[in-house]
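The structure file query_13.cif is reproduced below (mmCIF, C-alpha atoms).
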data_coords
#
loop_
_atom_site.label_atom_id
_atom_site.label_comp_id
_atom_site.auth_asym_id
_atom_site.auth_seq_id
_atom_site.Cartn_x
_atom_site.Cartn_y
_atom_site.Cartn_z
CA MET D 1 5.47 10.48 42.70
CA PHE D 2 2.47 8.91 40.93
CA ILE D 3 1.94 12.01 38.80
CA ARG D 4 5.62 12.10 37.82
CA THR D 5 5.48 8.43 36.80
CA ILE D 6 2.45 9.07 34.59
CA LEU D 7 4.15 12.07 33.04
CA ALA D 8 7.32 10.07 32.40
CA VAL D 9 5.39 7.18 30.80
CA GLY D 10 3.37 9.64 28.70
CA LEU D 11 6.55 11.36 27.53
CA VAL D 12 8.27 8.09 26.61
CA LEU D 13 5.20 6.92 24.65
CA ALA D 14 4.97 10.28 22.93
CA LEU D 15 8.59 10.11 21.79
CA GLU D 16 8.51 6.43 20.83
CA GLY D 17 5.23 6.55 18.94
CA CYS D 18 3.10 3.57 18.02
CA THR D 19 4.27 1.87 14.85
CA THR D 20 2.42 -0.37 12.41
CA VAL D 21 4.40 -2.06 9.64
CA LEU D 22 2.77 -3.63 6.61
CA GLY D 23 4.56 -4.92 3.56
CA THR D 24 5.16 -7.48 0.89
CA ASN D 25 7.87 -9.15 -1.17
CA ILE D 26 7.54 -9.04 -4.92
CA ALA D 27 9.29 -10.68 -7.87
CA THR D 28 8.59 -7.65 -10.05
CA ASP D 29 6.05 -4.84 -10.02
CA SER D 30 5.45 -4.53 -13.74
CA VAL D 31 4.50 -6.84 -16.57
CA VAL D 32 7.60 -8.28 -18.22
CA PRO D 33 7.21 -10.01 -21.59
CA PRO D 34 8.37 -13.64 -21.44
CA THR D 35 10.88 -12.90 -24.20
CA ALA D 36 12.52 -10.03 -22.29
CA ASP D 37 16.11 -10.32 -21.19
CA ILE D 38 16.42 -8.99 -17.62
CA GLN D 39 19.82 -7.72 -16.61
CA PRO D 40 20.27 -7.10 -12.83
CA LEU D 41 22.20 -3.93 -12.01
CA GLY D 42 22.55 -4.18 -8.23
CA LYS D 43 20.91 -3.65 -4.84
CA VAL D 44 18.97 -0.46 -4.28
CA GLN D 45 17.24 1.08 -1.28
CA ALA D 46 15.01 4.12 -1.07
CA ALA D 47 12.35 5.55 1.19
CA VAL D 48 9.81 8.33 0.98
CA SER D 49 8.09 9.68 4.06
CA SER D 50 5.41 12.17 4.86
CA GLY D 51 3.96 13.45 8.12
CA GLN D 52 0.89 15.39 9.13
CA PHE D 53 -1.15 16.28 12.16
CA LEU D 54 -4.39 14.56 13.25
CA TRP D 55 -4.77 12.25 10.24
CA ALA D 56 -2.44 9.73 8.59
CA ARG D 57 -1.60 10.40 4.97
CA GLU D 58 -2.77 7.78 2.50
CA THR D 59 -0.09 5.65 0.93
CA ASP D 60 -0.98 5.83 -2.72
CA LYS D 61 0.58 5.05 -6.10
CA GLN D 62 2.16 8.49 -6.18
CA MET D 63 4.10 7.81 -2.98
CA TYR D 64 5.17 4.36 -4.18
CA ASP D 65 6.22 5.68 -7.60
CA GLU D 66 8.30 8.37 -5.89
CA ALA D 67 10.15 5.75 -3.82
CA LYS D 68 10.56 3.50 -6.86
CA ARG D 69 11.99 6.34 -8.98
CA ALA D 70 14.48 7.17 -6.22
CA ALA D 71 15.52 3.51 -5.95
CA LEU D 72 15.92 2.94 -9.71
CA LYS D 73 17.83 6.21 -10.14
CA GLN D 74 20.64 4.84 -7.98
CA LYS D 75 21.60 2.26 -10.62
CA GLY D 76 19.90 3.67 -13.70
CA GLY D 77 17.49 0.78 -14.05
CA ASP D 78 13.99 0.66 -15.47
CA LEU D 79 12.63 -2.30 -13.54
CA LEU D 80 12.49 -3.35 -9.91
CA ILE D 81 12.92 -7.06 -9.14
CA ASN D 82 13.01 -9.24 -6.01
CA ALA D 83 12.03 -6.34 -3.80
CA LYS D 84 10.66 -5.85 -0.31
CA ILE D 85 8.12 -3.04 -0.02
CA THR D 86 7.41 -1.79 3.49
CA THR D 87 4.90 0.78 4.68
CA THR D 88 5.48 2.08 8.20
CA LEU D 89 2.91 4.21 9.97
CA THR D 90 3.96 5.81 13.24
CA SER D 91 1.39 7.55 15.39
CA TYR D 92 2.59 9.97 18.03
CA LEU D 93 -0.20 10.09 20.63
CA ALA D 94 -2.77 10.02 17.82
CA LEU D 95 -1.86 13.65 17.13
CA TYR D 96 0.91 13.39 14.55
CA TYR D 97 1.26 10.65 11.96
CA LYS D 98 4.33 9.74 9.92
CA THR D 99 3.94 7.46 6.90
CA GLU D 100 6.94 5.93 5.16
CA VAL D 101 7.18 3.75 2.07
CA ALA D 102 10.51 1.94 1.78
CA ILE D 103 11.87 -0.17 -1.06
CA ASP D 104 14.72 -2.64 -0.75
CA GLY D 105 15.42 -4.65 -3.88
CA THR D 106 17.37 -5.07 -7.09
CA ALA D 107 17.34 -2.61 -9.95
CA ALA D 108 17.32 -4.19 -13.41
CA LYS D 109 17.18 -3.34 -17.08
CA SER D 110 14.77 -5.01 -19.44
CA CYS D 111 16.69 -5.49 -22.67
CA LEU D 112 13.64 -6.11 -24.85
CA LYS D 113 12.27 -2.71 -23.92
CA ARG D 114 15.63 -1.13 -24.78
CA ARG D 115 15.71 -2.81 -28.20
CA GLU D 116 12.12 -1.73 -28.83
CA GLN D 117 13.07 1.82 -27.94
CA ASP D 118 16.12 1.69 -30.23
CA SER D 119 14.03 0.53 -33.18
CA ARG D 120 11.62 3.48 -32.76
CA MET G 1 -0.61 28.36 41.76
CA LYS G 2 2.01 25.63 41.70
CA CYS G 3 -0.68 23.07 42.53
CA GLY G 4 -2.78 24.26 39.55
CA TRP G 5 0.05 23.65 37.08
CA TYR G 6 0.71 20.22 38.51
CA ARG G 7 -2.97 19.33 38.17
CA LEU G 8 -2.99 20.53 34.56
CA LEU G 9 0.14 18.55 33.75
CA ALA G 10 -1.27 15.46 35.42
CA VAL G 11 -4.52 15.66 33.46
CA GLY G 12 -2.57 16.25 30.23
CA GLY G 13 -0.23 13.36 30.98
CA LEU G 14 -3.13 11.08 31.79
CA ALA G 15 -4.90 12.03 28.55
CA CYS G 16 -1.69 11.33 26.57
CA PHE G 17 -1.30 8.01 28.37
CA CYS G 18 -4.89 6.97 27.59
CA LEU G 19 -4.50 7.90 23.93
CA ALA G 20 -1.21 6.04 23.63
CA ALA G 21 -2.50 3.04 25.52
CA SER G 22 -5.52 2.78 23.22
CA GLY G 23 -3.08 1.70 20.49
CA CYS G 24 -2.66 2.74 16.89
CA SER G 25 -5.81 4.04 15.37
CA ALA G 26 -4.91 3.56 11.71
CA ALA G 27 -2.93 1.44 9.26
CA ARG G 28 -1.65 2.30 5.82
CA GLY G 29 0.05 0.18 3.18
CA VAL G 30 0.88 0.00 -0.50
CA TRP G 31 1.37 -3.17 -2.52
CA PRO G 32 2.66 -3.06 -6.08
CA VAL G 33 1.23 -5.71 -8.40
CA ALA G 34 2.30 -6.51 -11.96
CA GLN G 35 -1.00 -7.87 -13.33
CA SER G 36 -4.51 -8.63 -12.07
CA HIS G 37 -5.13 -11.61 -14.35
CA GLU G 38 -3.05 -14.26 -16.08
CA ILE G 39 -1.72 -13.11 -19.44
CA TYR G 40 -1.70 -15.95 -21.95
CA SER G 41 1.37 -16.52 -24.08
CA ASP G 42 -0.64 -16.07 -27.29
CA ALA G 43 -2.21 -12.82 -26.09
CA ARG G 44 -1.40 -9.23 -26.85
CA VAL G 45 -1.87 -6.66 -24.08
CA VAL G 46 -3.15 -3.30 -25.26
CA PRO G 47 -3.00 -0.55 -22.57
CA ILE G 48 -6.10 1.66 -22.49
CA GLY G 49 -5.18 4.26 -19.88
CA GLU G 50 -4.77 5.13 -16.22
CA ALA G 51 -7.55 3.78 -14.04
CA LYS G 52 -8.54 3.97 -10.39
CA GLY G 53 -11.03 1.94 -8.40
CA GLU G 54 -12.05 1.72 -4.77
CA GLY G 55 -13.63 -0.85 -2.51
CA SER G 56 -14.52 -0.34 1.14
CA ASP G 57 -16.40 -1.91 4.03
CA TRP G 58 -17.07 -1.64 7.76
CA PHE G 59 -15.96 -4.29 10.22
CA PHE G 60 -16.60 -4.66 13.91
CA THR G 61 -14.32 -6.53 16.27
CA TYR G 62 -14.87 -7.49 19.86
CA GLY G 63 -11.37 -8.16 21.11
CA GLY G 64 -10.43 -9.78 17.80
CA VAL G 65 -8.37 -8.89 14.77
CA VAL G 66 -9.89 -7.11 11.82
CA ASP G 67 -9.89 -8.56 8.27
CA MET G 68 -7.71 -5.82 6.85
CA MET G 69 -6.52 -7.94 3.94
CA HIS G 70 -9.99 -9.04 2.89
CA PRO G 71 -9.64 -10.30 -0.72
CA ASP G 72 -13.22 -9.36 -1.68
CA ILE G 73 -12.59 -5.64 -1.05
CA GLN G 74 -9.32 -5.76 -3.01
CA LYS G 75 -11.11 -7.50 -5.88
CA GLU G 76 -13.89 -4.91 -5.81
CA ALA G 77 -11.28 -2.12 -6.15
CA VAL G 78 -9.52 -3.86 -9.05
CA ASN G 79 -12.77 -4.66 -10.87
CA GLU G 80 -13.98 -1.09 -10.50
CA ALA G 81 -10.74 0.24 -11.97
CA ILE G 82 -10.95 -2.17 -14.92
CA LYS G 83 -14.64 -1.38 -15.47
CA SER G 84 -13.99 2.38 -15.51
CA LYS G 85 -12.00 2.01 -18.74
CA GLY G 86 -13.82 -0.96 -20.25
CA GLY G 87 -10.79 -3.22 -20.17
CA ASN G 88 -10.36 -6.76 -18.93
CA LEU G 89 -7.25 -6.54 -16.79
CA LEU G 90 -5.15 -4.11 -14.78
CA ILE G 91 -1.36 -3.96 -15.19
CA ASP G 92 1.51 -2.25 -13.33
CA TYR G 93 -0.75 -1.18 -10.51
CA THR G 94 -0.70 -0.58 -6.78
CA LEU G 95 -3.16 -1.67 -4.13
CA SER G 96 -3.34 0.80 -1.26
CA LEU G 97 -4.85 0.08 2.13
CA LYS G 98 -6.44 2.61 4.41
CA ALA G 99 -7.68 1.19 7.71
CA THR G 100 -9.08 3.45 10.40
CA ARG G 101 -10.18 2.30 13.82
CA VAL G 102 -13.12 3.83 15.62
CA PRO G 103 -12.72 3.00 19.33
CA PHE G 104 -16.25 2.16 20.45
CA GLY G 105 -14.44 0.70 23.47
CA LEU G 106 -15.05 3.99 25.20
CA PHE G 107 -18.72 2.99 25.37
CA ILE G 108 -18.68 -0.82 25.16
CA VAL G 109 -15.47 -2.39 26.45
CA GLY G 110 -13.57 -4.27 23.74
CA LEU G 111 -15.71 -3.13 20.80
CA ASP G 112 -13.96 -1.54 17.84
CA GLY G 113 -15.21 -0.41 14.46
CA TRP G 114 -12.94 -0.48 11.41
CA TRP G 115 -13.36 1.34 8.13
CA ILE G 116 -11.30 -0.50 5.52
CA THR G 117 -10.67 0.96 2.06
CA TRP G 118 -8.63 -0.60 -0.72
CA THR G 119 -7.69 1.49 -3.76
CA ALA G 120 -6.36 0.06 -7.02
CA GLU G 121 -4.43 2.46 -9.28
CA GLY G 122 -2.70 1.49 -12.47
CA THR G 123 -3.06 0.92 -16.20
CA ALA G 124 -6.24 -0.67 -17.50
CA ALA G 125 -5.61 -2.90 -20.48
CA LYS G 126 -7.34 -5.12 -22.97
CA MET G 127 -6.05 -8.60 -23.62
CA GLU G 128 -6.47 -9.64 -27.24
CA ILE G 129 -5.86 -13.22 -28.21
CA VAL G 130 -3.77 -13.48 -31.36
CA LYS G 131 -5.36 -16.55 -32.90
CA PRO G 132 -3.26 -18.58 -35.33
CA GLU G 133 -5.05 -19.77 -38.50
CA SER G 134 -5.26 -23.39 -37.32
CA ALA G 135 -6.20 -22.65 -33.71
CA PRO G 136 -9.20 -24.62 -32.44
CA GLU G 137 -12.34 -22.65 -31.69
CA GLY G 138 -12.59 -21.31 -28.12
CA ALA G 139 -8.89 -21.83 -27.31
CA GLY G 140 -7.14 -19.15 -25.25
CA LYS G 141 -10.25 -17.40 -24.09
CA ALA G 142 -9.59 -14.14 -22.22
CA PRO G 143 -10.81 -14.08 -18.59
CA LYS G 144 -13.60 -11.78 -17.55
CA PRO G 145 -12.70 -9.39 -14.73
#
As structure tokens, please, write out the structure in this file.
Amino acid sequence: MFIRTILAVGLVLALEGCTTVLGTNIATDSVVPPTADIQPLGKVQAAVSSGQFLWARETDKQMYDEAKRAALKQKGGDLLINAKITTTLTSYLALYYKTEVAIDGTAAKSCLKRREQDSR
Amino acid sequence: MKCGWYRLLAVGGLACFCLAASGCSAARGVWPVAQSHEIYSDARVVPIGEAKGEGSDWFFTYGGVVDMMHPDIQKEAVNEAIKSKGGNLLIDYTLSLKATRVPFGLFIVGLDGWWITWTAEGTAAKMEIVKPESAPEGAGKAPKP
């Protein structure tokens, strides 16, 4: 009975994993000139995840940029505003690690940048 | 024979339980940041190029919580990135955290070691003050990283 209980608890923990969530809320992630006209386009959500055995993958700029591109693509924006960025690391018995970067915010267009691009 | 399998499963289950019960052994995070320093209204920001910097340190905890968000390590990473390109600020960058726990608790109960690394990746830039003709001397000085 005792052995079965241990096995059951071990199995549940293995399936559930151990999760750590870290994150932040940002107004914007890039420098916006004070003269820029920001036009909100709507709510966007995107997530990028990656898993590997024995060692957790680093969450780097590449992973964030990938998630940001996916989020902005939904509304065709060039700027992310008022967004929540969440990194979730799930460890399954310290053998398999899943890392996820999720973005939940508003896509926007910076009109100054567009005018600058038009004038080029 | 049946008893042997049970014993193997029990040992395996116990090992899994111990590993799971020891908690998460790592933390990862990414924080996007627009600018590392204040940009003055009379300044012009000139991007220099992609830059990367790293800052890391060891911490030991005895039943406490580790200083994962230590500002000094973050600053070290940002300054290193800026220095690598000879700029004076970093723009449109990300700060990435890598925290790994070393469970010394197996030897001394409650003792943990933590290896914390912050990486700053973004665009290094130079801030140039566009001085008007009548501007007083020393006004709008650019900050040093």
Check: Which one of D:Ala36, D:Ala47, D:Leu22, D:Leu72 sits closest to chain G if you count all atoms listed in the file?
Finding: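 Result for the nearest residue to chain G: D:Leu22.
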Next item on the list: Determine, counting all atoms listed in the file, which protein, DNA and RNA residues have an atom within 8 Å of an atom of range 82-98 of chain G; residues of the same chain fewer than 4 positions away are not included. Present the result as a PyMOL selection string.
Entry: (chain D and resi 29-31+58-61) or (chain G and resi 26-37+48-49+51-53+74+78+115-127+143-145)
Next item on the list: Could you tell me which residues the PyMOL selection byres ((chain D) within 10 of (chain G)) grabs in this file, written as a PyMOL selection string?
Entry: chain D and resi 2-14+17-34+55-65+84-95+97+99-101
Could you please take those selected residues and save C-alpha atoms as a PDB file, in the coordinates of the input?
ATOM      1  CA  PHE D   2       2.470   8.910  40.930  1.00  0.00           C
ATOM      2  CA  ILE D   3       1.940  12.010  38.800  1.00  0.00           C
ATOM      3  CA  ARG D   4       5.620  12.100  37.820  1.00  0.00           C
ATOM      4  CA  THR D   5       5.480   8.430  36.800  1.00  0.00           C
ATOM      5  CA  ILE D   6       2.450   9.070  34.590  1.00  0.00           C
ATOM      6  CA  LEU D   7       4.150  12.070  33.040  1.00  0.00           C
ATOM      7  CA  ALA D   8       7.320  10.070  32.400  1.00  0.00           C
ATOM      8  CA  VAL D   9       5.390   7.180  30.800  1.00  0.00           C
ATOM      9  CA  GLY D  10       3.370   9.640  28.700  1.00  0.00           C
ATOM     10  CA  LEU D  11       6.550  11.360  27.530  1.00  0.00           C
ATOM     11  CA  VAL D  12       8.270   8.090  26.610  1.00  0.00           C
ATOM     12  CA  LEU D  13       5.200   6.920  24.650  1.00  0.00           C
ATOM     13  CA  ALA D  14       4.970  10.280  22.930  1.00  0.00           C
ATOM     14  CA  GLY D  17       5.230   6.550  18.940  1.00  0.00           C
ATOM     15  CA  CYS D  18       3.100   3.570  18.020  1.00  0.00           C
ATOM     16  CA  THR D  19       4.270   1.870  14.850  1.00  0.00           C
ATOM     17  CA  THR D  20       2.420  -0.370  12.410  1.00  0.00           C
ATOM     18  CA  VAL D  21       4.400  -2.060   9.640  1.00  0.00           C
ATOM     19  CA  LEU D  22       2.770  -3.630   6.610  1.00  0.00           C
ATOM     20  CA  GLY D  23       4.560  -4.920   3.560  1.00  0.00           C
ATOM     21  CA  THR D  24       5.160  -7.480   0.890  1.00  0.00           C
ATOM     22  CA  ASN D  25       7.870  -9.150  -1.170  1.00  0.00           C
ATOM     23  CA  ILE D  26       7.540  -9.040  -4.920  1.00  0.00           C
ATOM     24  CA  ALA D  27       9.290 -10.680  -7.870  1.00  0.00           C
ATOM     25  CA  THR D  28       8.590  -7.650 -10.050  1.00  0.00           C
ATOM     26  CA  ASP D  29       6.050  -4.840 -10.020  1.00  0.00           C
ATOM     27  CA  SER D  30       5.450  -4.530 -13.740  1.00  0.00           C
ATOM     28  CA  VAL D  31       4.500  -6.840 -16.570  1.00  0.00           C
ATOM     29  CA  VAL D  32       7.600  -8.280 -18.220  1.00  0.00           C
ATOM     30  CA  PRO D  33       7.210 -10.010 -21.590  1.00  0.00           C
ATOM     31  CA  PRO D  34       8.370 -13.640 -21.440  1.00  0.00           C
ATOM     32  CA  TRP D  55      -4.770  12.250  10.240  1.00  0.00           C
ATOM     33  CA  ALA D  56      -2.440   9.730   8.590  1.00  0.00           C
ATOM     34  CA  ARG D  57      -1.600  10.400   4.970  1.00  0.00           C
ATOM     35  CA  GLU D  58      -2.770   7.780   2.500  1.00  0.00           C
ATOM     36  CA  THR D  59      -0.090   5.650   0.930  1.00  0.00           C
ATOM     37  CA  ASP D  60      -0.980   5.830  -2.720  1.00  0.00           C
ATOM     38  CA  LYS D  61       0.580   5.050  -6.100  1.00  0.00           C
ATOM     39  CA  GLN D  62       2.160   8.490  -6.180  1.00  0.00           C
ATOM     40  CA  MET D  63       4.100   7.810  -2.980  1.00  0.00           C
ATOM     41  CA  TYR D  64       5.170   4.360  -4.180  1.00  0.00           C
ATOM     42  CA  ASP D  65       6.220   5.680  -7.600  1.00  0.00           C
ATOM     43  CA  LYS D  84      10.660  -5.850  -0.310  1.00  0.00           C
ATOM     44  CA  ILE D  85       8.120  -3.040  -0.020  1.00  0.00           C
ATOM     45  CA  THR D  86       7.410  -1.790   3.490  1.00  0.00           C
ATOM     46  CA  THR D  87       4.900   0.780   4.680  1.00  0.00           C
ATOM     47  CA  THR D  88       5.480   2.080   8.200  1.00  0.00           C
ATOM     48  CA  LEU D  89       2.910   4.210   9.970  1.00  0.00           C
ATOM     49  CA  THR D  90       3.960   5.810  13.240  1.00  0.00           C
ATOM     50  CA  SER D  91       1.390   7.550  15.390  1.00  0.00           C
ATOM     51  CA  TYR D  92       2.590   9.970  18.030  1.00  0.00           C
ATOM     52  CA  LEU D  93      -0.200  10.090  20.630  1.00  0.00           C
ATOM     53  CA  ALA D  94      -2.770  10.020  17.820  1.00  0.00           C
ATOM     54  CA  LEU D  95      -1.860  13.650  17.130  1.00  0.00           C
ATOM     55  CA  TYR D  97       1.260  10.650  11.960  1.00  0.00           C
ATOM     56  CA  THR D  99       3.940   7.460   6.900  1.00  0.00           C
ATOM     57  CA  GLU D 100       6.940   5.930   5.160  1.00  0.00           C
ATOM     58  CA  VAL D 101       7.180   3.750   2.070  1.00  0.00           C
TER      59      VAL D 101
END
Next item on the list: Decode the PyMOL selection byres ((chain G and resi 59-68) around 7) for the given file into explicit residues and return them as a ChimeraX atom specification.
Entry: /G:57-58,69-70,110-116
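Interatomic distance, CA of Val48 in chain D against CA of Asp104 in chain D: 12.1 Å.
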Item checked: Nearest candidate to Ala46 in chain D (options D:Ala70, D:Met1, D:Ala107, D:Leu79; using all atoms listed in the file) ->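 Comparing D:Ala70, D:Met1, D:Ala107, D:Leu79 against Ala46 in chain D, the winner is D:Ala70.
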Notebook entry, point to check: Just how far from CA of Gly55 in chain G is CA of Ala67 in chain D, in Å to one decimal?
Noted result: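 Distance between the two atoms: 24.7 Å.
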Note to self: What's the separation between CA of Ile38 in chain D and CA of Val46 in chain G, in Å to one decimal place?
What the structure shows: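 Computing it gives 21.8 Å between the two atoms.
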Next item on the list: Name the residues that the PyMOL selection byres ((chain D and resi 105) around 6) pulls out of this structure, and write them as a PyMOL selection string.
Entry: chain D and resi 43-44+82-83+104+106
First collect every listed atom of range 57-66 of chain D; then fit an axis-aligned box around them, widen it by 3 Å on each side, and give centre and edge lengths in Å to one decimal, as JSON.
{"center_x": 2.8, "center_y": 7.4, "center_z": -1.3, "size_x": 17.1, "size_y": 12.0, "size_z": 18.6}
Checklist line | Nearest to Ile81 in chain D, chosen from D:Arg69, D:Ala108, D:Ser49, D:Asp37, with only C-alpha atoms counted in the distances | finding: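 Distance minimum relative to Ile81 in chain D lands on D:Ala108.
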